[in-house]
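Report on one structure; see the data block that follows.
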Amino acid sequence: MKWRWDQAAEVPVGTAWDVARVTRAVGALTVSRARVLGVRLGAVLDVPLRGAIEFVVPLGTSVSWPPLPGTLCVGRGAIRWPTPLAAVGSHRHALCGRRWLVPPVPMEPLATNGAELCEAMGAALAHLRLASAALTPGRELPASHPAVRSVQPE
């Protein structure tokens with residue numbers, strides 16, 4: 001009923017799926033990396049007021065989620081889901097301001113595989129760290145950094 005009025009519906013977390021929440025910078029890059037890696041993305045929400053992106057992941061993912069910087073995986077609570085028509089490409093927003101980066105699709109899995117999402121997030125975080133180090137004048141990466149080790153002779 002709420003979707004008929006472009007309102008978001010309260011949807012419980014931890015009964016059928018969990019939610020992985022990341023900062024917008026990490027989330028946007030994660031979506032790109034996931035697509036490059038061939039990860040089939042489930043529903044993904046853009047939450048501008050929180051500065052976050054939320055990925056629907058399988059139930060129980062929050063229990064094994066690693067401590068990645070800028071990420072949180074929750075298995076309890078509720079999130080607000082806008083109408084599926086409130087997607088980035090449609091230029092529509094729900095009244096709550098949320099919109100879908102990847103809207104839910106009928107007859108398609110709703111959740112992104114947690115391990116594959118974690119891999120894509122790790123790649124996004126590494127990319128952002130390397131970019132930050134490259135843009136910081138006078139800052140060198142430590143010799144133990146994987147990017148440095150990969151180009152050092154044996």
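By order in the structure tokens, chains are A, B, ...; within a chain, residues start at 1; ligands start at 1, following the order shown.
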
Inset, instruction - Just the strand (DSSP E) stuff from range 30-68 of chain A, please, per backbone DSSP, written as a ChimeraX atom specification. - result: /A:44-47,52-58

Would you save the residues of that selection, restricted to C-alpha atoms, as a PDB file, in the first residue's frame?
```pdb
ATOM      1  CA  VAL A  44      21.111  -2.349  -3.749  1.00  0.00           C
ATOM      2  CA  LEU A  45      19.840   0.847  -2.112  1.00  0.00           C
ATOM      3  CA  ASP A  46      21.282   4.354  -2.232  1.00  0.00           C
ATOM      4  CA  VAL A  47      20.682   6.130   1.083  1.00  0.00           C
ATOM      5  CA  ALA A  52      25.505   5.008   2.579  1.00  0.00           C
ATOM      6  CA  ILE A  53      24.728   2.229   0.156  1.00  0.00           C
ATOM      7  CA  GLU A  54      22.936  -0.898   1.399  1.00  0.00           C
ATOM      8  CA  PHE A  55      23.260  -4.346  -0.181  1.00  0.00           C
ATOM      9  CA  VAL A  56      20.724  -7.081   0.535  1.00  0.00           C
ATOM     10  CA  VAL A  57      22.721 -10.215   1.434  1.00  0.00           C
ATOM     11  CA  PRO A  58      21.694 -13.747   2.470  1.00  0.00           C
TER      12      PRO A  58
END
```

Inset, instruction - Counting only C-alpha atoms, figure out which residue out of A:Gly42, A:Pro12, A:Gly97, A:Gly122 gets nearest to Pro67 in chain A. - result: A:Gly122

Legend entry - Shell of 6 Å around Arg80 in chain A, only C-alpha atoms, local chain residues under 3 positions omitted, as number ranges by chain: A: 8-10

Inset, instruction - Would you mind listing what lies within 10 Å of range 20-27 of chain A as a PyMOL selection string, with only C-alpha atoms counted and same-chain residues fewer than 3 positions away left out? - result: chain A and resi 30-33+44-48+50-58+61-62+65+68-75+112+114+117-118+120-125+127-128

Would you mind exporting the chosen residues as a PDB file, in the first residue's frame, restricted to C-alpha atoms?
```pdb
ATOM      1  CA  THR A  30      31.919  -1.905  -5.022  1.00  0.00           C
ATOM      2  CA  VAL A  31      29.003  -1.982  -7.470  1.00  0.00           C
ATOM      3  CA  SER A  32      31.428  -1.264 -10.334  1.00  0.00           C
ATOM      4  CA  ARG A  33      33.937  -3.874  -9.126  1.00  0.00           C
ATOM      5  CA  VAL A  44      21.111  -2.349  -3.749  1.00  0.00           C
ATOM      6  CA  LEU A  45      19.840   0.847  -2.112  1.00  0.00           C
ATOM      7  CA  ASP A  46      21.282   4.354  -2.232  1.00  0.00           C
ATOM      8  CA  VAL A  47      20.682   6.130   1.083  1.00  0.00           C
ATOM      9  CA  PRO A  48      21.831   9.755   0.583  1.00  0.00           C
ATOM     10  CA  ARG A  50      23.088   8.426   5.661  1.00  0.00           C
ATOM     11  CA  GLY A  51      25.792   8.751   3.029  1.00  0.00           C
ATOM     12  CA  ALA A  52      25.505   5.008   2.579  1.00  0.00           C
ATOM     13  CA  ILE A  53      24.728   2.229   0.156  1.00  0.00           C
ATOM     14  CA  GLU A  54      22.936  -0.898   1.399  1.00  0.00           C
ATOM     15  CA  PHE A  55      23.260  -4.346  -0.181  1.00  0.00           C
ATOM     16  CA  VAL A  56      20.724  -7.081   0.535  1.00  0.00           C
ATOM     17  CA  VAL A  57      22.721 -10.215   1.434  1.00  0.00           C
ATOM     18  CA  PRO A  58      21.694 -13.747   2.470  1.00  0.00           C
ATOM     19  CA  THR A  61      25.917 -13.070   6.445  1.00  0.00           C
ATOM     20  CA  SER A  62      26.187 -10.625   9.357  1.00  0.00           C
ATOM     21  CA  TRP A  65      31.138 -10.455   7.996  1.00  0.00           C
ATOM     22  CA  LEU A  68      36.211  -4.127   6.630  1.00  0.00           C
ATOM     23  CA  PRO A  69      36.698  -0.352   7.082  1.00  0.00           C
ATOM     24  CA  GLY A  70      33.587   1.694   6.408  1.00  0.00           C
ATOM     25  CA  THR A  71      31.303  -1.350   6.355  1.00  0.00           C
ATOM     26  CA  LEU A  72      28.706  -2.835   8.664  1.00  0.00           C
ATOM     27  CA  CYS A  73      26.590  -5.924   8.129  1.00  0.00           C
ATOM     28  CA  VAL A  74      23.427  -6.128  10.223  1.00  0.00           C
ATOM     29  CA  GLY A  75      21.141  -9.044  10.933  1.00  0.00           C
ATOM     30  CA  THR A 112      23.944 -10.653  -3.409  1.00  0.00           C
ATOM     31  CA  GLY A 114      28.021 -12.343   0.740  1.00  0.00           C
ATOM     32  CA  LEU A 117      30.282  -8.962  -2.270  1.00  0.00           C
ATOM     33  CA  CYS A 118      33.026  -9.007   0.363  1.00  0.00           C
ATOM     34  CA  ALA A 120      34.332  -6.800  -4.455  1.00  0.00           C
ATOM     35  CA  MET A 121      34.358  -4.502  -1.398  1.00  0.00           C
ATOM     36  CA  GLY A 122      37.903  -5.526  -0.574  1.00  0.00           C
ATOM     37  CA  ALA A 123      38.965  -4.666  -4.119  1.00  0.00           C
ATOM     38  CA  ALA A 124      37.162  -1.316  -3.879  1.00  0.00           C
ATOM     39  CA  LEU A 125      38.809  -0.501  -0.541  1.00  0.00           C
ATOM     40  CA  HIS A 127      41.677   0.770  -4.943  1.00  0.00           C
ATOM     41  CA  LEU A 128      40.635   3.729  -2.792  1.00  0.00           C
TER      42      LEU A 128
END
```
